[in-house]
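**Student:** Dropping a structure here in structure tokens format, bear with me for questions.
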Amino acid sequence: MFVVQLKNIVKEYLAFKSQKGALLNALFPYLFKVKNKIKVLDNISLEIKKGETVGFIGLNGAGKSTLLKVISGVTKPTSGKVVINGKFAAILELGMGFHPDFTGRENAHLALKLYGHSENIDQLIKQVFDFAEIGQYFDQPVRLYSSGMSVRLAFSVATVVRPELLIIDEALSVGDAYFQHKSFERIKSYKEQGSSMILVSHDKAAILELCDTVYLINHGKILFGGPAVEALDFYNALLANDLSDINIQKSSLDRSQLNSGSKEIEIISCSILDAMSTSCDILETGIEYTLKILAKCNSRVSDVVCGFMIQNKYGQIIFGTNTYHTSNILKQINVNDNIEISFKFFANLGPGDYSISVAFHQHDAHVSKNYNWIDRICIFKVINKNHPSFIGCNFMNIEVDTNITSSN
Amino acid sequence: MFLINTFYNIYQYKSLILNGIRRDIEIKYRRSYLGFLWTILNPVSQILVYFIIFSHIMKTRINNSDSEYSYAIFLCLGIIPWTFFSELLTRTTHVFIDNSHLLKKMNVPKIVFPIICLGSSFFNFLIFYSLFILFAIFTGISTLSLILNIFMPLFFLSMMGLSIGLVLALLNVFIRDIGNLVSIILQFWFWLTPIVYNINSLPEKYQYLISFNPITICVLASQSAISGDIKIDYANYSFPLFVSILFFIIGYFLYMRLAEKLSDEL
């Protein structure tokens, strides 16, 4: 059972020399043809199942918002078919066209009607009021609202009745932490009750936590569709590289390993060494280890920075730094030089599976010039042998002191 | 099929339409002390000015009347339906541009917005005309004839205002000159309609020309409550009816072609 079915969606915006051209083409498309077309969506097909949460990620201008507009019916595709089964609610932008001079209550009233609710409006308004928690502001004009309050109201209105499909474009990221949690909770509970969801966000944590499937969209095409972790790796690589520089290798763990970059410097190996300088992939909590990275230089480069990042199995970053921050920038490297870099660290990590990604780039961030970036170059497991049992991914060496004072 | 669907949309979104009409009315007196009173004060002052100036200062009368208020009533009977028509046409012409923030973000049938214009213009008319009747009662004119004579003009003015307005509104999204053009055309149109002058006072060939103005018959019908010399036949409405149907067909064709493209152009 599909909630959304897109078949070969193409959306073209026509570039007209004059407004007259736009009108004539709209009226008589066969008589007045246009040569200059800008393809915003290029042959997109996908299906969203009942209860599935799907994320769209991509650079600005990739076509994500246009795709949401096509799905929600605000704009019609140039060709292709959109099939939607069930009632949907969309939050396409902050504020949703609230009128600044009307109160939150009045705006909620109109918005509910725009969403097609016509019964029990008073009761729904009450629920919106309760969920938004903006107190007396609910009866104040919206122009007095902070952007966070507008988001609270917009989200509360859109989700007051559980829709079969909820479409959210970037809206969540503006609310404060409390409301983000609250709206996350509602989204999750709707998900459990069988709602499907489409999310566009640059918030990686939200994408990781909520999405079953993530589509990476680039220049109007689906570049990648699959599990969230892999899609985000791909996206990360896309930030720094041309598409041609990226290749995906299936690693032994059956998770794609991404190797990207311009390869002026090539990573040869990466290993974790214990005190005896033997390579290991099981680490003990609290013990000191060395991360050793070997690389080769293919052409003369300067100001090279090497960085690493530890992620847990959910893809959340536990720790990451680079030699720019530690003031160990490699000023000059010549062709065929071998590079050896060691990071010494204490494995102050909780028990579980972790991965290390390593990168060579210029300056602080990998976006400026990326020589080589390998995701999940080594995978390791942390076990806790010598310390009291604990939960979480961070180890804090604690000392406990207890004291009971009798009240008599 | 599309036509049935369009009417079904209007029915489906009736509560949205009612809400929109209420907003249109309320927005005018938001952030003001006198509030709803403003909706009444404007027409009252307009009627008052006509009654004072034309009855007591300029002492104008229409030909066959001995009432000192006859010209003021004559003028109101022309101005009020005209105001309704021109307000409806102007607002409808701009309606898609004014509501672009909603059209770009929500999938709402576009037809509801012109209907909202019709509703709120009609409300303003009701206020204006009721106040006028209150004034007119004191002059001894038959209230019943004021009420009965307005139905047909009102109906045809609504139909013409809405259908011409829809055509202009759709074109206006693509070519914005139309919005500016409308206000100029309305100025000429006003003087080409026998509102401030009596059609009989014109030379015969101009009378003939002016009868081609589809608004003329509506205004004459409304004025017939005071200037009893003009007989209004249902056949006289054939021209406004023709104009309504013509623009309805053009508007329908344009709506079918352009409605889906509005959100891309706005």
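A note on labels: chains of the structure tokens are A, B, ... as shown, every chain counts residues from 1, and ligands are counted from 1 in their shown order.
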Stretch 133-149 of chain B: which residues within 7 Å, counting only C-alpha atoms, same-chain residues fewer than 3 positions away excluded, as an mmCIF file with N, CA, C and O atoms, in the first residue's frame?
**Tutor:**
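Output below, filename selection02.cif:
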data_model
loop_
_atom_site.group_PDB
_atom_site.id
_atom_site.type_symbol
_atom_site.label_atom_id
_atom_site.label_comp_id
_atom_site.auth_asym_id
_atom_site.auth_seq_id
_atom_site.Cartn_x
_atom_site.Cartn_y
_atom_site.Cartn_z
ATOM 1 N N TYR B 69 -35.094 66.203 -2.092
ATOM 2 C CA TYR B 69 -34.059 65.186 -1.959
ATOM 3 C C TYR B 69 -33.933 64.310 -3.205
ATOM 4 O O TYR B 69 -33.160 63.374 -3.238
ATOM 5 N N TYR B 129 -26.278 50.161 1.255
ATOM 6 C CA TYR B 129 -27.646 50.302 0.773
ATOM 7 C C TYR B 129 -28.645 50.396 1.925
ATOM 8 O O TYR B 129 -29.598 51.169 1.874
ATOM 9 N N SER B 130 -28.408 49.622 2.991
ATOM 10 C CA SER B 130 -29.323 49.683 4.140
ATOM 11 C C SER B 130 -29.295 51.070 4.762
ATOM 12 O O SER B 130 -30.340 51.632 5.106
ATOM 13 N N MET B 152 -32.570 42.728 -9.456
ATOM 14 C CA MET B 152 -32.062 42.389 -10.782
ATOM 15 C C MET B 152 -30.726 43.074 -11.075
ATOM 16 O O MET B 152 -29.779 42.412 -11.506
ATOM 17 N N ALA B 221 -32.313 50.630 -13.865
ATOM 18 C CA ALA B 221 -33.303 49.841 -13.123
ATOM 19 C C ALA B 221 -33.318 50.235 -11.664
ATOM 20 O O ALA B 221 -34.375 50.363 -11.044
ATOM 21 N N SER B 222 -32.133 50.448 -11.115
ATOM 22 C CA SER B 222 -32.047 50.853 -9.725
ATOM 23 C C SER B 222 -32.659 52.242 -9.539
ATOM 24 O O SER B 222 -33.416 52.488 -8.600
ATOM 25 N N ALA B 225 -36.643 53.525 -9.133
ATOM 26 C CA ALA B 225 -37.391 53.715 -7.899
ATOM 27 C C ALA B 225 -37.763 55.176 -7.700
ATOM 28 O O ALA B 225 -38.776 55.484 -7.075
#
**Student:** Would you give me, as number ranges by chain, the residues in stretch 183-407 of chain A that DSSP reads as strand (DSSP E or B)?
**Tutor:** A: 196-200, 213-218, 221-226, 247-250, 256-260, 265-273, 279, 282-284, 288-297, 301-312, 317-322, 330-333, 338-346, 349, 352-362, 369-383, 394
**Student:** Could you save the residues just selected, with C-alpha atoms, as a CSV table (one decimal), in the first residue's frame?
**Tutor:**
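And here is the file that came out, part26.csv:
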chain,number,residue,atom,x,y,z
A,196,SER,CA,4.0,8.4,6.6
A,197,MET,CA,6.2,11.3,6.6
A,198,ILE,CA,8.4,13.4,4.3
A,199,LEU,CA,11.1,15.5,5.8
A,200,VAL,CA,13.4,18.0,4.3
A,213,THR,CA,14.8,6.0,3.8
A,214,VAL,CA,16.7,9.1,2.7
A,215,TYR,CA,16.9,10.4,-0.9
A,216,LEU,CA,19.8,12.5,-1.9
A,217,ILE,CA,18.7,14.9,-4.5
A,218,ASN,CA,21.2,16.7,-6.7
A,221,LYS,CA,17.8,13.9,-9.9
A,222,ILE,CA,17.8,11.2,-7.2
A,223,LEU,CA,21.5,10.6,-6.7
A,224,PHE,CA,21.0,8.0,-4.0
A,225,GLY,CA,18.2,6.4,-2.1
A,226,GLY,CA,18.7,4.2,0.8
A,247,ASN,CA,33.0,6.2,-5.5
A,248,ILE,CA,31.3,3.8,-3.2
A,249,GLN,CA,32.8,0.5,-2.2
A,250,LYS,CA,30.9,-2.1,-0.3
A,256,SER,CA,29.0,1.3,1.9
A,257,GLN,CA,32.3,2.9,2.5
A,258,LEU,CA,32.8,6.2,0.8
A,259,ASN,CA,36.1,7.2,-0.6
A,260,SER,CA,36.1,10.7,-2.1
A,265,ILE,CA,47.1,13.0,-1.0
A,266,GLU,CA,45.9,9.4,-0.8
A,267,ILE,CA,45.2,7.6,2.4
A,268,ILE,CA,47.0,4.3,2.5
A,269,SER,CA,46.1,2.8,5.8
A,270,CYS,CA,44.6,3.6,9.2
A,271,SER,CA,44.9,1.6,12.3
A,272,ILE,CA,44.4,1.7,16.0
A,273,LEU,CA,47.5,0.6,18.0
A,279,SER,CA,46.9,-3.2,15.8
A,282,ILE,CA,38.6,-4.1,20.3
A,283,LEU,CA,39.3,-1.3,22.7
A,284,GLU,CA,39.0,-1.2,26.5
A,288,GLU,CA,45.3,4.9,25.9
A,289,TYR,CA,45.5,4.1,22.2
A,290,THR,CA,47.1,5.6,19.1
A,291,LEU,CA,45.4,6.2,15.8
A,292,LYS,CA,48.0,5.9,13.1
A,293,ILE,CA,47.3,7.2,9.6
A,294,LEU,CA,49.6,6.5,6.7
A,295,ALA,CA,49.3,8.5,3.4
A,296,LYS,CA,51.1,9.2,0.2
A,297,CYS,CA,51.5,12.5,-1.6
A,301,VAL,CA,50.5,20.6,-1.8
A,302,SER,CA,50.7,23.0,1.1
A,303,ASP,CA,48.8,23.7,4.3
A,304,VAL,CA,47.6,20.2,4.7
A,305,VAL,CA,45.3,19.3,7.6
A,306,CYS,CA,44.5,15.7,8.7
A,307,GLY,CA,41.4,15.0,10.7
A,308,PHE,CA,39.5,12.1,12.1
A,309,MET,CA,36.0,11.6,13.5
A,310,ILE,CA,34.5,8.9,15.6
A,311,GLN,CA,30.9,8.0,15.1
A,312,ASN,CA,28.6,5.5,16.9
A,317,ILE,CA,29.5,12.1,15.9
A,318,ILE,CA,31.1,11.3,19.3
A,319,PHE,CA,34.3,13.1,18.7
A,320,GLY,CA,36.3,14.7,15.9
A,321,THR,CA,39.2,17.1,15.5
A,322,ASN,CA,42.0,17.8,13.1
A,330,LEU,CA,51.7,20.3,7.4
A,331,LYS,CA,53.1,23.4,5.7
A,332,GLN,CA,54.6,21.7,2.6
A,333,ILE,CA,54.5,18.2,1.2
A,338,ASN,CA,55.1,9.6,2.8
A,339,ILE,CA,53.0,11.0,5.6
A,340,GLU,CA,52.6,9.5,9.0
A,341,ILE,CA,50.2,11.0,11.5
A,342,SER,CA,49.5,9.7,15.0
A,343,PHE,CA,46.7,10.8,17.3
A,344,LYS,CA,47.1,9.6,20.9
A,345,PHE,CA,43.9,9.3,22.8
A,346,PHE,CA,42.2,7.7,25.8
A,349,LEU,CA,34.0,5.6,25.3
A,352,GLY,CA,29.5,-0.4,21.7
A,353,ASP,CA,30.4,-0.2,18.1
A,354,TYR,CA,32.2,2.8,16.6
A,355,SER,CA,33.7,3.8,13.4
A,356,ILE,CA,36.5,6.1,12.4
A,357,SER,CA,36.5,8.3,9.3
A,358,VAL,CA,39.7,10.0,8.2
A,359,ALA,CA,40.3,12.9,5.9
A,360,PHE,CA,43.1,15.1,4.5
A,361,HIS,CA,42.1,18.5,3.4
A,362,GLN,CA,43.2,22.1,3.2
A,369,LYS,CA,39.7,21.5,-0.6
A,370,ASN,CA,39.3,17.9,0.0
A,371,TYR,CA,42.2,15.7,-0.9
A,372,ASN,CA,40.9,12.4,0.4
A,373,TRP,CA,38.1,11.4,2.7
A,374,ILE,CA,37.3,7.9,3.6
A,375,ASP,CA,34.3,7.1,5.7
A,376,ARG,CA,34.4,4.3,8.2
A,377,ILE,CA,38.0,3.4,7.3
A,378,CYS,CA,38.2,1.3,10.5
A,379,ILE,CA,35.5,-0.1,12.7
A,380,PHE,CA,36.1,-0.9,16.3
A,381,LYS,CA,34.3,-2.2,19.4
A,382,VAL,CA,34.7,-0.8,22.9
A,383,ILE,CA,34.3,-3.1,25.9
A,394,ASN,CA,31.0,8.7,27.1
**Student:** Determine which residues of chain B sit within 6 Å of chain A, taking into account only C-alpha atoms, and present them as a PyMOL selection string.
**Tutor:** chain B and resi 16+101-102+106-107+174+257
**Student:** Between atom CA of A:Thr159 and atom CA of A:Glu185, what is the spacing in Å?
**Tutor:**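 Going from atom CA of A:Glu185 over to atom CA of A:Thr159 covers 11.8 Å.
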**Student:** Please provide the set of residues having any atom within 6 Å of stretch 71-87 of chain B, restricted to only C-alpha atoms, with same-chain residues fewer than 3 positions apart removed, written as a count of residues only.
**Tutor:** 15
**Student:** I'd like the interatomic distance between atom CA of A:Ile57 and atom CA of A:Val70, to a tenth of an Å.
**Tutor:**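 Interatomic distance here is 16.3 Å.
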**Student:** Please identify which residues in stretch 35-95 of chain B DSSP calls helix (DSSP H, G or I) from the backbone, and express them as number ranges by chain.
**Tutor:** B: 37-57, 70-95
**Student:** If we count only C-alpha atoms and set the cut-off at 9 Å, which residues sit around A:Glu12, ignoring sequence neighbours fewer than 2 positions away in its own chain? Please answer as a ChimeraX atom specification.
**Tutor:** /A:10,14,37-42,77-79
**Student:** Fewer than 4 positions away in the same chain doesn't count, so skip those; otherwise give me all residues within 12 Å of A:Ile187, counting only C-alpha atoms, as an MDAnalysis selection string.
**Tutor:** chainID A and resid 51:53 155:156 158:168 172 179:183 191:199 206 209:211
**Student:** Leaving out B:Asn9 and any residue of its chain fewer than 2 positions from it, which residues lie within 10 Å of it when counting only C-alpha atoms, given as a PyMOL selection string?
**Tutor:** chain B and resi 3-7+11-14+108-112
**Student:** Kindly export the residues of the current selection with N, CA, C and O atoms, as a PDB file, in the first residue's frame.
**Tutor:**
ATOM      1  N   LEU B   3     -16.142  21.893 -14.814  1.00  0.00           N
ATOM      2  CA  LEU B   3     -17.069  22.897 -14.305  1.00  0.00           C
ATOM      3  C   LEU B   3     -17.755  22.407 -13.032  1.00  0.00           C
ATOM      4  O   LEU B   3     -17.829  23.121 -12.030  1.00  0.00           O
ATOM      5  N   ILE B   4     -18.223  21.152 -13.085  1.00  0.00           N
ATOM      6  CA  ILE B   4     -18.880  20.564 -11.917  1.00  0.00           C
ATOM      7  C   ILE B   4     -17.913  20.534 -10.748  1.00  0.00           C
ATOM      8  O   ILE B   4     -18.233  20.900  -9.621  1.00  0.00           O
ATOM      9  N   ASN B   5     -16.685  20.136 -11.068  1.00  0.00           N
ATOM     10  CA  ASN B   5     -15.643  20.061 -10.061  1.00  0.00           C
ATOM     11  C   ASN B   5     -15.403  21.421  -9.411  1.00  0.00           C
ATOM     12  O   ASN B   5     -15.249  21.534  -8.197  1.00  0.00           O
ATOM     13  N   THR B   6     -15.401  22.461 -10.246  1.00  0.00           N
ATOM     14  CA  THR B   6     -15.178  23.813  -9.742  1.00  0.00           C
ATOM     15  C   THR B   6     -16.280  24.217  -8.773  1.00  0.00           C
ATOM     16  O   THR B   6     -16.014  24.754  -7.701  1.00  0.00           O
ATOM     17  N   PHE B   7     -17.529  23.923  -9.153  1.00  0.00           N
ATOM     18  CA  PHE B   7     -18.633  24.258  -8.253  1.00  0.00           C
ATOM     19  C   PHE B   7     -18.599  23.418  -6.989  1.00  0.00           C
ATOM     20  O   PHE B   7     -18.907  23.895  -5.903  1.00  0.00           O
ATOM     21  N   TYR B  11     -18.406  24.568  -2.971  1.00  0.00           N
ATOM     22  CA  TYR B  11     -19.249  24.031  -1.911  1.00  0.00           C
ATOM     23  C   TYR B  11     -18.392  23.448  -0.786  1.00  0.00           C
ATOM     24  O   TYR B  11     -18.610  23.723   0.395  1.00  0.00           O
ATOM     25  N   GLN B  12     -17.368  22.695  -1.213  1.00  0.00           N
ATOM     26  CA  GLN B  12     -16.492  22.007  -0.269  1.00  0.00           C
ATOM     27  C   GLN B  12     -15.788  22.981   0.666  1.00  0.00           C
ATOM     28  O   GLN B  12     -15.597  22.720   1.844  1.00  0.00           O
ATOM     29  N   TYR B  13     -15.380  24.116   0.119  1.00  0.00           N
ATOM     30  CA  TYR B  13     -14.613  25.087   0.886  1.00  0.00           C
ATOM     31  C   TYR B  13     -15.492  26.222   1.384  1.00  0.00           C
ATOM     32  O   TYR B  13     -15.019  27.321   1.587  1.00  0.00           O
ATOM     33  N   LYS B  14     -16.775  25.958   1.583  1.00  0.00           N
ATOM     34  CA  LYS B  14     -17.686  27.043   1.944  1.00  0.00           C
ATOM     35  C   LYS B  14     -17.303  27.684   3.274  1.00  0.00           C
ATOM     36  O   LYS B  14     -17.399  28.898   3.419  1.00  0.00           O
ATOM     37  N   VAL B 108      -5.112  24.959  -2.520  1.00  0.00           N
ATOM     38  CA  VAL B 108      -6.512  25.330  -2.342  1.00  0.00           C
ATOM     39  C   VAL B 108      -7.064  25.653  -3.730  1.00  0.00           C
ATOM     40  O   VAL B 108      -6.367  26.260  -4.531  1.00  0.00           O
ATOM     41  N   PRO B 109      -8.296  25.248  -4.035  1.00  0.00           N
ATOM     42  CA  PRO B 109      -8.852  25.614  -5.335  1.00  0.00           C
ATOM     43  C   PRO B 109      -8.840  27.133  -5.489  1.00  0.00           C
ATOM     44  O   PRO B 109      -9.321  27.845  -4.613  1.00  0.00           O
ATOM     45  N   LYS B 110      -8.281  27.611  -6.589  1.00  0.00           N
ATOM     46  CA  LYS B 110      -8.077  29.050  -6.745  1.00  0.00           C
ATOM     47  C   LYS B 110      -9.400  29.810  -6.792  1.00  0.00           C
ATOM     48  O   LYS B 110      -9.463  30.984  -6.486  1.00  0.00           O
ATOM     49  N   ILE B 111     -10.472  29.126  -7.188  1.00  0.00           N
ATOM     50  CA  ILE B 111     -11.742  29.817  -7.409  1.00  0.00           C
ATOM     51  C   ILE B 111     -12.303  30.398  -6.115  1.00  0.00           C
ATOM     52  O   ILE B 111     -13.074  31.359  -6.149  1.00  0.00           O
ATOM     53  N   VAL B 112     -11.897  29.857  -4.955  1.00  0.00           N
ATOM     54  CA  VAL B 112     -12.478  30.369  -3.708  1.00  0.00           C
ATOM     55  C   VAL B 112     -12.141  31.843  -3.477  1.00  0.00           C
ATOM     56  O   VAL B 112     -12.921  32.570  -2.871  1.00  0.00           O
TER      57      VAL B 112
END
**Student:** One decimal, Å: what's the distance from atom CA of A:Asn120 over to atom CA of B:Asn19, could you say?
**Tutor:**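 One can read the atom CA of A:Asn120 to atom CA of B:Asn19 distance as 15.0 Å.
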